[in-house]
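Listing of input14.pdb; format and content: PDB, C-alpha atoms, pLDDT in the B column.
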ATOM      1  CA  MET R   1     -24.225   6.308 -25.872  1.00 46.00           C
ATOM      2  CA  TRP R   2     -24.912   9.951 -25.104  1.00 49.00           C
ATOM      3  CA  CYS R   3     -28.694   9.719 -24.653  1.00 46.00           C
ATOM      4  CA  CYS R   4     -30.028  10.256 -21.131  1.00 47.00           C
ATOM      5  CA  CYS R   5     -32.301   7.251 -21.327  1.00 58.00           C
ATOM      6  CA  CYS R   6     -31.696   4.982 -18.287  1.00 66.00           C
ATOM      7  CA  GLY R   7     -30.530   1.831 -20.074  1.00 72.00           C
ATOM      8  CA  GLN R   8     -28.169   3.763 -22.289  1.00 76.00           C
ATOM      9  CA  PHE R   9     -26.842   5.707 -19.325  1.00 80.00           C
ATOM     10  CA  LEU R  10     -25.847   2.453 -17.647  1.00 82.00           C
ATOM     11  CA  GLN R  11     -24.281   1.345 -20.902  1.00 86.00           C
ATOM     12  CA  ARG R  12     -22.294   4.570 -20.989  1.00 87.00           C
ATOM     13  CA  GLN R  13     -21.038   4.041 -17.437  1.00 89.00           C
ATOM     14  CA  LYS R  14     -19.993   0.522 -18.353  1.00 90.00           C
ATOM     15  CA  VAL R  15     -18.069   1.727 -21.397  1.00 91.00           C
ATOM     16  CA  LEU R  16     -16.269   4.428 -19.409  1.00 92.00           C
ATOM     17  CA  GLY R  17     -15.444   1.918 -16.673  1.00 92.00           C
ATOM     18  CA  LEU R  18     -14.036  -0.430 -19.304  1.00 93.00           C
ATOM     19  CA  TYR R  19     -11.933   2.335 -20.795  1.00 94.00           C
ATOM     20  CA  ARG R  20     -10.563   3.186 -17.374  1.00 93.00           C
ATOM     21  CA  ASP R  21      -9.752  -0.458 -16.542  1.00 94.00           C
ATOM     22  CA  LEU R  22      -8.047  -0.819 -19.900  1.00 94.00           C
ATOM     23  CA  LEU R  23      -5.905   2.256 -19.299  1.00 94.00           C
ATOM     24  CA  ARG R  24      -5.024   1.078 -15.776  1.00 93.00           C
ATOM     25  CA  ASN R  25      -3.822  -2.252 -17.099  1.00 94.00           C
ATOM     26  CA  ILE R  26      -1.931  -0.656 -19.972  1.00 93.00           C
ATOM     27  CA  ARG R  27      -0.027   1.333 -17.351  1.00 91.00           C
ATOM     28  CA  LYS R  28       1.490  -1.892 -16.019  1.00 91.00           C
ATOM     29  CA  ILE R  29       3.147  -2.775 -19.309  1.00 91.00           C
ATOM     30  CA  PRO R  30       6.937  -2.566 -18.925  1.00 90.00           C
ATOM     31  CA  GLN R  31       7.969  -1.127 -22.302  1.00 90.00           C
ATOM     32  CA  GLU R  32       7.171   2.541 -22.884  1.00 92.00           C
ATOM     33  CA  SER R  33       6.781   2.039 -26.660  1.00 94.00           C
ATOM     34  CA  ASP R  34       4.275  -0.798 -26.139  1.00 92.00           C
ATOM     35  CA  ARG R  35       2.406   1.299 -23.599  1.00 92.00           C
ATOM     36  CA  ARG R  36       2.124   4.202 -26.013  1.00 92.00           C
ATOM     37  CA  TYR R  37       1.011   1.970 -28.867  1.00 94.00           C
ATOM     38  CA  LEU R  38      -1.718   0.310 -26.814  1.00 93.00           C
ATOM     39  CA  ARG R  39      -2.912   3.618 -25.352  1.00 92.00           C
ATOM     40  CA  ASP R  40      -3.260   5.052 -28.863  1.00 93.00           C
ATOM     41  CA  TRP R  41      -4.955   1.890 -30.067  1.00 93.00           C
ATOM     42  CA  ALA R  42      -7.478   1.936 -27.197  1.00 93.00           C
ATOM     43  CA  ARG R  43      -8.194   5.621 -27.738  1.00 92.00           C
ATOM     44  CA  GLU R  44      -8.701   5.085 -31.461  1.00 92.00           C
ATOM     45  CA  GLU R  45     -11.050   2.147 -30.957  1.00 91.00           C
ATOM     46  CA  PHE R  46     -13.227   3.881 -28.405  1.00 92.00           C
ATOM     47  CA  LYS R  47     -13.363   7.193 -30.238  1.00 90.00           C
ATOM     48  CA  ARG R  48     -14.163   5.631 -33.562  1.00 90.00           C
ATOM     49  CA  ASN R  49     -17.239   3.863 -32.222  1.00 89.00           C
ATOM     50  CA  LYS R  50     -18.299   6.686 -29.934  1.00 86.00           C
ATOM     51  CA  SER R  51     -21.358   7.654 -31.949  1.00 85.00           C
ATOM     52  CA  GLU R  52     -22.792   4.190 -32.375  1.00 84.00           C
ATOM     53  CA  THR R  53     -26.445   4.093 -31.378  1.00 84.00           C
ATOM     54  CA  ASP R  54     -27.508   0.526 -32.196  1.00 87.00           C
ATOM     55  CA  GLN R  55     -27.695  -1.193 -28.815  1.00 87.00           C
ATOM     56  CA  ASP R  56     -26.793  -4.631 -30.154  1.00 90.00           C
ATOM     57  CA  VAL R  57     -23.674  -3.315 -31.843  1.00 91.00           C
ATOM     58  CA  VAL R  58     -22.712  -1.453 -28.681  1.00 90.00           C
ATOM     59  CA  ARG R  59     -23.186  -4.593 -26.605  1.00 91.00           C
ATOM     60  CA  MET R  60     -21.033  -6.583 -29.021  1.00 93.00           C
ATOM     61  CA  MET R  61     -18.276  -3.976 -28.854  1.00 92.00           C
ATOM     62  CA  VAL R  62     -18.433  -3.925 -25.063  1.00 92.00           C
ATOM     63  CA  THR R  63     -17.961  -7.700 -25.029  1.00 94.00           C
ATOM     64  CA  GLN R  64     -15.020  -7.375 -27.416  1.00 93.00           C
ATOM     65  CA  ALA R  65     -13.434  -4.765 -25.169  1.00 93.00           C
ATOM     66  CA  GLN R  66     -13.934  -7.000 -22.142  1.00 95.00           C
ATOM     67  CA  ASN R  67     -12.187  -9.839 -23.982  1.00 95.00           C
ATOM     68  CA  HIS R  68      -9.282  -7.571 -24.872  1.00 93.00           C
ATOM     69  CA  LEU R  69      -9.042  -6.496 -21.245  1.00 94.00           C
ATOM     70  CA  GLU R  70      -9.010 -10.129 -20.078  1.00 95.00           C
ATOM     71  CA  ASP R  71      -6.289 -11.000 -22.583  1.00 95.00           C
ATOM     72  CA  LEU R  72      -4.225  -8.061 -21.402  1.00 93.00           C
ATOM     73  CA  ARG R  73      -4.659  -9.046 -17.746  1.00 94.00           C
ATOM     74  CA  LYS R  74      -3.636 -12.625 -18.462  1.00 95.00           C
ATOM     75  CA  SER R  75      -0.580 -11.559 -20.441  1.00 93.00           C
ATOM     76  CA  LEU R  76       0.469  -9.223 -17.670  1.00 92.00           C
ATOM     77  CA  ALA R  77       0.013 -11.971 -15.075  1.00 93.00           C
ATOM     78  CA  LEU R  78       2.107 -14.375 -17.151  1.00 93.00           C
ATOM     79  CA  ALA R  79       4.806 -11.785 -17.633  1.00 88.00           C
ATOM     80  CA  GLY R  80       4.825 -11.204 -13.894  1.00 84.00           C
ATOM     81  CA  CYS R  81       3.964  -7.505 -13.968  1.00 77.00           C
TER
ATOM     82  CA  MET B   1      36.010 -15.829   9.827  1.00 65.00           C
ATOM     83  CA  ALA B   2      35.703 -14.411  13.311  1.00 63.00           C
ATOM     84  CA  ALA B   3      35.022 -10.973  11.866  1.00 62.00           C
ATOM     85  CA  ARG B   4      32.080 -12.364   9.935  1.00 69.00           C
ATOM     86  CA  ILE B   5      30.683 -14.004  13.062  1.00 65.00           C
ATOM     87  CA  ILE B   6      31.019 -10.758  14.954  1.00 63.00           C
ATOM     88  CA  ALA B   7      29.154  -8.910  12.204  1.00 61.00           C
ATOM     89  CA  ARG B   8      26.370 -11.471  12.182  1.00 67.00           C
ATOM     90  CA  CYS B   9      26.161 -11.358  15.952  1.00 58.00           C
ATOM     91  CA  VAL B  10      25.693  -7.622  16.153  1.00 59.00           C
ATOM     92  CA  ARG B  11      23.171  -7.659  13.340  1.00 65.00           C
ATOM     93  CA  SER B  12      21.102 -10.244  15.146  1.00 60.00           C
ATOM     94  CA  LEU B  13      21.138  -8.134  18.311  1.00 55.00           C
ATOM     95  CA  ASN B  14      19.804  -5.102  16.582  1.00 53.00           C
ATOM     96  CA  GLN B  15      17.468  -5.232  13.594  1.00 52.00           C
ATOM     97  CA  ARG B  16      17.524  -1.506  12.845  1.00 50.00           C
ATOM     98  CA  SER B  17      20.030   0.029  10.448  1.00 45.00           C
ATOM     99  CA  VAL B  18      23.399  -0.189  12.122  1.00 43.00           C
ATOM    100  CA  TYR B  19      26.537   1.635  11.158  1.00 46.00           C
ATOM    101  CA  PHE B  20      29.778  -0.159  11.822  1.00 46.00           C
ATOM    102  CA  ASN B  21      32.993   1.506  12.519  1.00 45.00           C
ATOM    103  CA  ARG B  22      35.742  -0.956  13.008  1.00 47.00           C
ATOM    104  CA  VAL B  23      38.680   0.988  14.198  1.00 43.00           C
ATOM    105  CA  ASN B  24      41.300  -1.663  14.497  1.00 44.00           C
ATOM    106  CA  THR B  25      40.171  -4.979  13.169  1.00 44.00           C
ATOM    107  CA  ALA B  26      43.542  -6.639  13.313  1.00 42.00           C
ATOM    108  CA  ALA B  27      44.113  -5.653  16.926  1.00 42.00           C
ATOM    109  CA  THR B  28      40.571  -6.738  17.866  1.00 43.00           C
ATOM    110  CA  LEU B  29      40.990 -10.105  16.301  1.00 42.00           C
ATOM    111  CA  THR B  30      44.231 -10.816  17.969  1.00 45.00           C
ATOM    112  CA  ALA B  31      43.095  -9.431  21.325  1.00 43.00           C
ATOM    113  CA  ALA B  32      39.741 -11.208  21.224  1.00 44.00           C
ATOM    114  CA  PRO B  33      39.198 -14.297  23.285  1.00 46.00           C
ATOM    115  CA  LEU B  34      37.390 -15.772  20.281  1.00 45.00           C
ATOM    116  CA  THR B  35      38.991 -18.607  18.500  1.00 45.00           C
ATOM    117  CA  HIS B  36      37.889 -20.770  15.598  1.00 46.00           C
ATOM    118  CA  GLY B  37      36.643 -23.227  18.189  1.00 44.00           C
ATOM    119  CA  ARG B  38      33.816 -20.918  19.352  1.00 47.00           C
ATOM    120  CA  THR B  39      30.513 -21.813  17.795  1.00 46.00           C
ATOM    121  CA  PHE B  40      28.030 -19.398  16.309  1.00 48.00           C
ATOM    122  CA  SER B  41      25.311 -20.320  18.794  1.00 47.00           C
ATOM    123  CA  HIS B  42      27.562 -19.472  21.687  1.00 45.00           C
ATOM    124  CA  LEU B  43      28.080 -16.026  20.264  1.00 44.00           C
ATOM    125  CA  THR B  44      24.443 -15.287  19.666  1.00 45.00           C
ATOM    126  CA  ASN B  45      23.339 -16.352  23.085  1.00 48.00           C
ATOM    127  CA  GLY B  46      23.670 -12.764  24.084  1.00 46.00           C
ATOM    128  CA  HIS B  47      27.059 -13.079  25.604  1.00 46.00           C
ATOM    129  CA  LYS B  48      27.377  -9.394  25.837  1.00 49.00           C
ATOM    130  CA  SER B  49      30.318  -9.664  28.140  1.00 47.00           C
ATOM    131  CA  SER B  50      32.445 -11.346  25.547  1.00 47.00           C
ATOM    132  CA  LEU B  51      31.370  -8.781  23.014  1.00 46.00           C
ATOM    133  CA  ALA B  52      32.307  -6.032  25.383  1.00 45.00           C
ATOM    134  CA  GLN B  53      35.693  -7.657  25.826  1.00 48.00           C
ATOM    135  CA  ILE B  54      36.124  -7.780  22.102  1.00 51.00           C
ATOM    136  CA  SER B  55      34.895  -4.280  21.444  1.00 49.00           C
ATOM    137  CA  GLY B  56      36.412  -2.412  24.382  1.00 50.00           C
ATOM    138  CA  GLY B  57      36.028   0.778  22.419  1.00 55.00           C
ATOM    139  CA  SER B  58      37.088  -0.615  19.066  1.00 65.00           C
ATOM    140  CA  PHE B  59      33.540  -1.070  17.745  1.00 73.00           C
ATOM    141  CA  GLN B  60      31.228   1.835  17.351  1.00 78.00           C
ATOM    142  CA  VAL B  61      27.654   1.081  16.495  1.00 80.00           C
ATOM    143  CA  PHE B  62      25.499   3.976  15.365  1.00 82.00           C
ATOM    144  CA  GLN B  63      21.789   3.640  14.855  1.00 82.00           C
ATOM    145  CA  ARG B  64      20.375   5.659  12.069  1.00 81.00           C
ATOM    146  CA  ARG B  65      16.756   5.881  11.044  1.00 81.00           C
ATOM    147  CA  GLN B  66      16.264   6.678   7.436  1.00 79.00           C
ATOM    148  CA  TYR B  67      13.022   8.156   6.233  1.00 81.00           C
ATOM    149  CA  GLY B  68      12.165   9.034   2.692  1.00 82.00           C
ATOM    150  CA  ASP B  69       9.244  11.261   1.858  1.00 79.00           C
ATOM    151  CA  LEU B  70       8.097  13.864  -0.653  1.00 78.00           C
ATOM    152  CA  PRO B  71       7.974  17.589   0.133  1.00 77.00           C
ATOM    153  CA  PRO B  72       4.665  18.678   1.715  1.00 80.00           C
ATOM    154  CA  LEU B  73       1.858  19.714  -0.629  1.00 82.00           C
ATOM    155  CA  SER B  74       0.174  23.091  -0.610  1.00 88.00           C
ATOM    156  CA  LEU B  75      -2.843  24.357  -2.538  1.00 89.00           C
ATOM    157  CA  GLU B  76      -0.519  26.453  -4.690  1.00 90.00           C
ATOM    158  CA  THR B  77       1.671  23.520  -5.699  1.00 91.00           C
ATOM    159  CA  ILE B  78      -1.309  21.270  -6.332  1.00 92.00           C
ATOM    160  CA  ARG B  79      -2.889  23.894  -8.567  1.00 92.00           C
ATOM    161  CA  ASP B  80       0.361  24.421 -10.468  1.00 92.00           C
ATOM    162  CA  ARG B  81       0.870  20.727 -11.030  1.00 92.00           C
ATOM    163  CA  VAL B  82      -2.724  20.141 -12.136  1.00 92.00           C
ATOM    164  CA  LEU B  83      -2.553  23.005 -14.633  1.00 92.00           C
ATOM    165  CA  TYR B  84       0.847  21.824 -15.842  1.00 93.00           C
ATOM    166  CA  VAL B  85      -0.438  18.327 -16.550  1.00 93.00           C
ATOM    167  CA  LEU B  86      -3.463  19.777 -18.324  1.00 93.00           C
ATOM    168  CA  LYS B  87      -1.309  22.020 -20.480  1.00 92.00           C
ATOM    169  CA  LEU B  88       0.685  18.983 -21.579  1.00 92.00           C
ATOM    170  CA  TYR B  89      -2.493  17.199 -22.670  1.00 91.00           C
ATOM    171  CA  ASP B  90      -2.667  17.402 -26.428  1.00 88.00           C
ATOM    172  CA  LYS B  91      -6.374  18.039 -26.718  1.00 88.00           C
ATOM    173  CA  ILE B  92      -6.396  21.125 -24.534  1.00 88.00           C
ATOM    174  CA  ASN B  93      -5.556  24.565 -25.854  1.00 87.00           C
ATOM    175  CA  PRO B  94      -3.248  26.050 -23.185  1.00 87.00           C
ATOM    176  CA  GLU B  95      -4.415  29.615 -23.835  1.00 88.00           C
ATOM    177  CA  ARG B  96      -8.027  28.801 -23.112  1.00 87.00           C
ATOM    178  CA  LEU B  97      -7.245  26.858 -19.969  1.00 89.00           C
ATOM    179  CA  GLN B  98      -8.260  28.375 -16.659  1.00 87.00           C
ATOM    180  CA  ALA B  99      -8.862  26.935 -13.217  1.00 86.00           C
ATOM    181  CA  THR B 100     -12.605  27.157 -13.683  1.00 89.00           C
ATOM    182  CA  SER B 101     -12.913  25.999 -17.278  1.00 91.00           C
ATOM    183  CA  HIS B 102     -15.275  23.071 -17.612  1.00 92.00           C
ATOM    184  CA  PHE B 103     -13.794  20.183 -19.596  1.00 91.00           C
ATOM    185  CA  MET B 104     -16.892  19.457 -21.606  1.00 91.00           C
ATOM    186  CA  LYS B 105     -18.628  22.825 -21.855  1.00 90.00           C
ATOM    187  CA  ASP B 106     -15.646  25.183 -22.195  1.00 89.00           C
ATOM    188  CA  LEU B 107     -12.833  23.031 -23.534  1.00 89.00           C
ATOM    189  CA  GLY B 108     -14.922  20.791 -25.774  1.00 90.00           C
ATOM    190  CA  LEU B 109     -13.644  17.491 -24.431  1.00 91.00           C
ATOM    191  CA  ASP B 110     -15.686  14.318 -24.068  1.00 90.00           C
ATOM    192  CA  SER B 111     -15.999  11.775 -21.299  1.00 91.00           C
ATOM    193  CA  LEU B 112     -13.227   9.565 -22.707  1.00 92.00           C
ATOM    194  CA  ASP B 113     -10.875  12.547 -22.563  1.00 93.00           C
ATOM    195  CA  GLN B 114     -11.992  13.230 -19.027  1.00 94.00           C
ATOM    196  CA  VAL B 115     -11.088   9.642 -18.079  1.00 94.00           C
ATOM    197  CA  GLU B 116      -7.631  10.164 -19.608  1.00 94.00           C
ATOM    198  CA  ILE B 117      -7.178  13.424 -17.730  1.00 94.00           C
ATOM    199  CA  ILE B 118      -8.053  11.844 -14.379  1.00 94.00           C
ATOM    200  CA  MET B 119      -5.643   8.970 -15.125  1.00 94.00           C
ATOM    201  CA  ALA B 120      -2.919  11.541 -15.819  1.00 93.00           C
ATOM    202  CA  MET B 121      -3.685  13.157 -12.449  1.00 93.00           C
ATOM    203  CA  GLU B 122      -3.396   9.764 -10.762  1.00 93.00           C
ATOM    204  CA  ASP B 123       0.037   9.331 -12.350  1.00 92.00           C
ATOM    205  CA  GLU B 124       1.122  12.811 -11.319  1.00 91.00           C
ATOM    206  CA  PHE B 125       0.065  12.606  -7.679  1.00 90.00           C
ATOM    207  CA  GLY B 126       0.671   8.917  -7.162  1.00 90.00           C
ATOM    208  CA  PHE B 127      -2.663   7.731  -5.771  1.00 90.00           C
ATOM    209  CA  GLU B 128      -5.726   6.101  -7.275  1.00 90.00           C
ATOM    210  CA  ILE B 129      -8.987   7.937  -7.715  1.00 92.00           C
ATOM    211  CA  PRO B 130     -12.017   5.605  -7.619  1.00 92.00           C
ATOM    212  CA  ASP B 131     -14.397   5.596 -10.597  1.00 89.00           C
ATOM    213  CA  ALA B 132     -17.397   7.006  -8.767  1.00 89.00           C
ATOM    214  CA  GLU B 133     -15.518  10.111  -7.667  1.00 91.00           C
ATOM    215  CA  ALA B 134     -13.471  10.459 -10.829  1.00 91.00           C
ATOM    216  CA  GLU B 135     -16.427  11.016 -13.112  1.00 88.00           C
ATOM    217  CA  LYS B 136     -17.626  13.993 -11.067  1.00 90.00           C
ATOM    218  CA  LEU B 137     -14.415  16.006 -11.505  1.00 91.00           C
ATOM    219  CA  MET B 138     -15.173  18.334 -14.373  1.00 92.00           C
ATOM    220  CA  THR B 139     -12.998  21.392 -13.836  1.00 92.00           C
ATOM    221  CA  PRO B 140      -9.354  21.864 -12.765  1.00 93.00           C
ATOM    222  CA  HIS B 141     -10.625  23.611  -9.639  1.00 93.00           C
ATOM    223  CA  GLU B 142     -12.642  20.540  -8.624  1.00 92.00           C
ATOM    224  CA  ILE B 143      -9.601  18.328  -9.176  1.00 93.00           C
ATOM    225  CA  VAL B 144      -7.483  20.598  -6.962  1.00 93.00           C
ATOM    226  CA  GLN B 145     -10.173  20.529  -4.260  1.00 92.00           C
ATOM    227  CA  TYR B 146     -10.436  16.753  -4.420  1.00 93.00           C
ATOM    228  CA  ILE B 147      -6.701  16.200  -4.172  1.00 92.00           C
ATOM    229  CA  ALA B 148      -6.379  18.717  -1.336  1.00 91.00           C
ATOM    230  CA  ASP B 149      -9.198  16.874   0.398  1.00 90.00           C
ATOM    231  CA  LYS B 150      -7.574  13.476  -0.007  1.00 89.00           C
ATOM    232  CA  LYS B 151      -4.121  14.638   0.955  1.00 87.00           C
ATOM    233  CA  ASP B 152      -5.296  16.709   3.936  1.00 86.00           C
ATOM    234  CA  VAL B 153      -3.966  20.004   2.644  1.00 82.00           C
ATOM    235  CA  TYR B 154      -5.534  23.024   4.284  1.00 78.00           C
ATOM    236  CA  GLU B 155      -4.828  26.683   3.748  1.00 64.00           C
TER
END
As structure tokens, please, write out the structure in this file.
Amino acid sequence: MWCCCCGQFLQRQKVLGLYRDLLRNIRKIPQESDRRYLRDWAREEFKRNKSETDQDVVRMMVTQAQNHLEDLRKSLALAGC
Amino acid sequence: MAARIIARCVRSLNQRSVYFNRVNTAATLTAAPLTHGRTFSHLTNGHKSSLAQISGGSFQVFQRRQYGDLPPLSLETIRDRVLYVLKLYDKINPERLQATSHFMKDLGLDSLDQVEIIMAMEDEFGFEIPDAEAEKLMTPHEIVQYIADKKDVYE
């Protein structure tokens, strides 16, 4: 993720954008304890896989993160936040 | 009943915030030419004359505009708040923090931490910072400059 090769740079931007979107949606959660838990969870997940270099694995993790983000958005919409 | 119609009537005449001061409601009601027979539509047809007869000094309507806003920002306050938020961040050592310390080179943070820091700044100052501009802010000084720019603070 930290290489300056073009494809990986775009990948990096995508990951950071995902992280930001995730944090923005976590902000909308009503309960402070839930917010804290999810923020810590997101941080853990992203940090743990930070040094992954295999592009396929990275792509798979990006897709997983996008799914999590979608689930969060849908739950928030249902809850009316 | 008549009192309620009077209240509704005045409110419909003036949409701004209106302050009522009914001095002598009982006297007004008895002195008023209004009876239960009067309809609501008759009252709201702008029959100011009848209102004037009713009020005759017993109603006082004050208009008040209410504004709510935060105190004005200055470069000093922005800098203080930015540094305060950064000191609260658990990954930053408060002693090593200066206005010109680079997040990645001096403070040893990574880009995920930088995203978190910018989000914290958004929470503190109450406005969103778009992604493209957020990723360029790498020192507290740059953050202060950006916020001052966006909030039109000059010194």
Counting all atoms listed in the file, which residues of chain R come no farther than 10 Å from chain B, as a ChimeraX atom specification?
-> /R:2,12-13,15-17,19-21,23-24,27,39,43,46-47,50
How big is the axis-aligned box around the listed atoms of region 15-28 of chain R once 6 Å is added on each side, and where is its centre? Give both in Å to one decimal, as lines of an AutoDock Vina configuration file.
center_x = -8.3
center_y = 1.1
center_z = -18.6
size_x = 31.6
size_y = 18.7
size_z = 17.6
What is the CA of Asp106 (chain B)-CA of Ile147 (chain B) distance in Å, reported with one decimal?
->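 A separation of 22.0 Å between them.
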Work out how far apart CA of Glu122 (chain B) and CA of Gln64 (chain R) are and give it in Å to one decimal.
-> 26.6 Å
Spatial neighbours of Ala77 (chain R), 12 Å, all atoms listed in the file, chain gap at least 6 places, as a VMD selection string = chain R and resid 25 28 to 29 70 to 71
I would like the residues chosen by the PyMOL selection byres ((chain B and resi 79-88) around 10) on the shown file; could you give them as a ChimeraX atom specification?
-> /B:74-78,89-99,117-118,120-121,123-125,140-141,143-145,147-148
Straight-line distance linking CA of Gly108 (chain B) with CA of Thr53 (chain R), stated in Å to one decimal = 21.0 Å
Where atoms are lacking, region 138-155 of chain B completed to N, CA and C atoms, as a PDB file, in the coordinates of the input:
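Result file result37.pdb:
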ATOM      1  N   MET B 138     -14.996  17.773 -13.037  1.00 92.00           N
ATOM      2  CA  MET B 138     -15.173  18.334 -14.373  1.00 92.00           C
ATOM      3  C   MET B 138     -14.427  19.633 -14.645  1.00 92.00           C
ATOM      4  N   THR B 139     -13.797  20.185 -13.608  1.00 92.00           N
ATOM      5  CA  THR B 139     -12.998  21.392 -13.836  1.00 92.00           C
ATOM      6  C   THR B 139     -11.680  21.222 -13.086  1.00 92.00           C
ATOM      7  N   PRO B 140     -10.623  21.964 -13.505  1.00 93.00           N
ATOM      8  CA  PRO B 140      -9.354  21.864 -12.765  1.00 93.00           C
ATOM      9  C   PRO B 140      -9.526  22.210 -11.294  1.00 93.00           C
ATOM     10  N   HIS B 141     -10.405  23.195 -11.025  1.00 93.00           N
ATOM     11  CA  HIS B 141     -10.625  23.611  -9.639  1.00 93.00           C
ATOM     12  C   HIS B 141     -11.143  22.457  -8.796  1.00 93.00           C
ATOM     13  N   GLU B 142     -12.094  21.682  -9.366  1.00 92.00           N
ATOM     14  CA  GLU B 142     -12.642  20.540  -8.624  1.00 92.00           C
ATOM     15  C   GLU B 142     -11.563  19.493  -8.369  1.00 92.00           C
ATOM     16  N   ILE B 143     -10.679  19.305  -9.356  1.00 93.00           N
ATOM     17  CA  ILE B 143      -9.601  18.328  -9.176  1.00 93.00           C
ATOM     18  C   ILE B 143      -8.697  18.770  -8.024  1.00 93.00           C
ATOM     19  N   VAL B 144      -8.347  20.079  -8.026  1.00 93.00           N
ATOM     20  CA  VAL B 144      -7.483  20.598  -6.962  1.00 93.00           C
ATOM     21  C   VAL B 144      -8.150  20.379  -5.601  1.00 93.00           C
ATOM     22  N   GLN B 145      -9.443  20.697  -5.519  1.00 92.00           N
ATOM     23  CA  GLN B 145     -10.173  20.529  -4.260  1.00 92.00           C
ATOM     24  C   GLN B 145     -10.164  19.076  -3.811  1.00 92.00           C
ATOM     25  N   TYR B 146     -10.387  18.172  -4.750  1.00 93.00           N
ATOM     26  CA  TYR B 146     -10.436  16.753  -4.420  1.00 93.00           C
ATOM     27  C   TYR B 146      -9.099  16.264  -3.895  1.00 93.00           C
ATOM     28  N   ILE B 147      -8.019  16.654  -4.589  1.00 92.00           N
ATOM     29  CA  ILE B 147      -6.701  16.200  -4.172  1.00 92.00           C
ATOM     30  C   ILE B 147      -6.346  16.789  -2.810  1.00 92.00           C
ATOM     31  N   ALA B 148      -6.661  18.082  -2.627  1.00 91.00           N
ATOM     32  CA  ALA B 148      -6.379  18.717  -1.336  1.00 91.00           C
ATOM     33  C   ALA B 148      -7.151  18.000  -0.224  1.00 91.00           C
ATOM     34  N   ASP B 149      -8.382  17.600  -0.561  1.00 90.00           N
ATOM     35  CA  ASP B 149      -9.198  16.874   0.398  1.00 90.00           C
ATOM     36  C   ASP B 149      -8.560  15.542   0.775  1.00 90.00           C
ATOM     37  N   LYS B 150      -8.127  14.812  -0.245  1.00 89.00           N
ATOM     38  CA  LYS B 150      -7.574  13.476  -0.007  1.00 89.00           C
ATOM     39  C   LYS B 150      -6.221  13.519   0.682  1.00 89.00           C
ATOM     40  N   LYS B 151      -5.468  14.579   0.408  1.00 87.00           N
ATOM     41  CA  LYS B 151      -4.121  14.638   0.955  1.00 87.00           C
ATOM     42  C   LYS B 151      -4.068  15.492   2.205  1.00 87.00           C
ATOM     43  N   ASP B 152      -5.239  15.911   2.705  1.00 86.00           N
ATOM     44  CA  ASP B 152      -5.296  16.709   3.936  1.00 86.00           C
ATOM     45  C   ASP B 152      -4.457  17.968   3.852  1.00 86.00           C
ATOM     46  N   VAL B 153      -4.690  18.740   2.802  1.00 82.00           N
ATOM     47  CA  VAL B 153      -3.966  20.004   2.644  1.00 82.00           C
ATOM     48  C   VAL B 153      -4.928  21.131   2.944  1.00 82.00           C
ATOM     49  N   TYR B 154      -4.637  21.912   3.936  1.00 78.00           N
ATOM     50  CA  TYR B 154      -5.534  23.024   4.284  1.00 78.00           C
ATOM     51  C   TYR B 154      -4.784  24.339   4.167  1.00 78.00           C
ATOM     52  N   GLU B 155      -5.464  25.359   3.754  1.00 64.00           N
ATOM     53  CA  GLU B 155      -4.828  26.683   3.748  1.00 64.00           C
ATOM     54  C   GLU B 155      -5.836  27.756   4.060  1.00 64.00           C
TER      55      GLU B 155
END
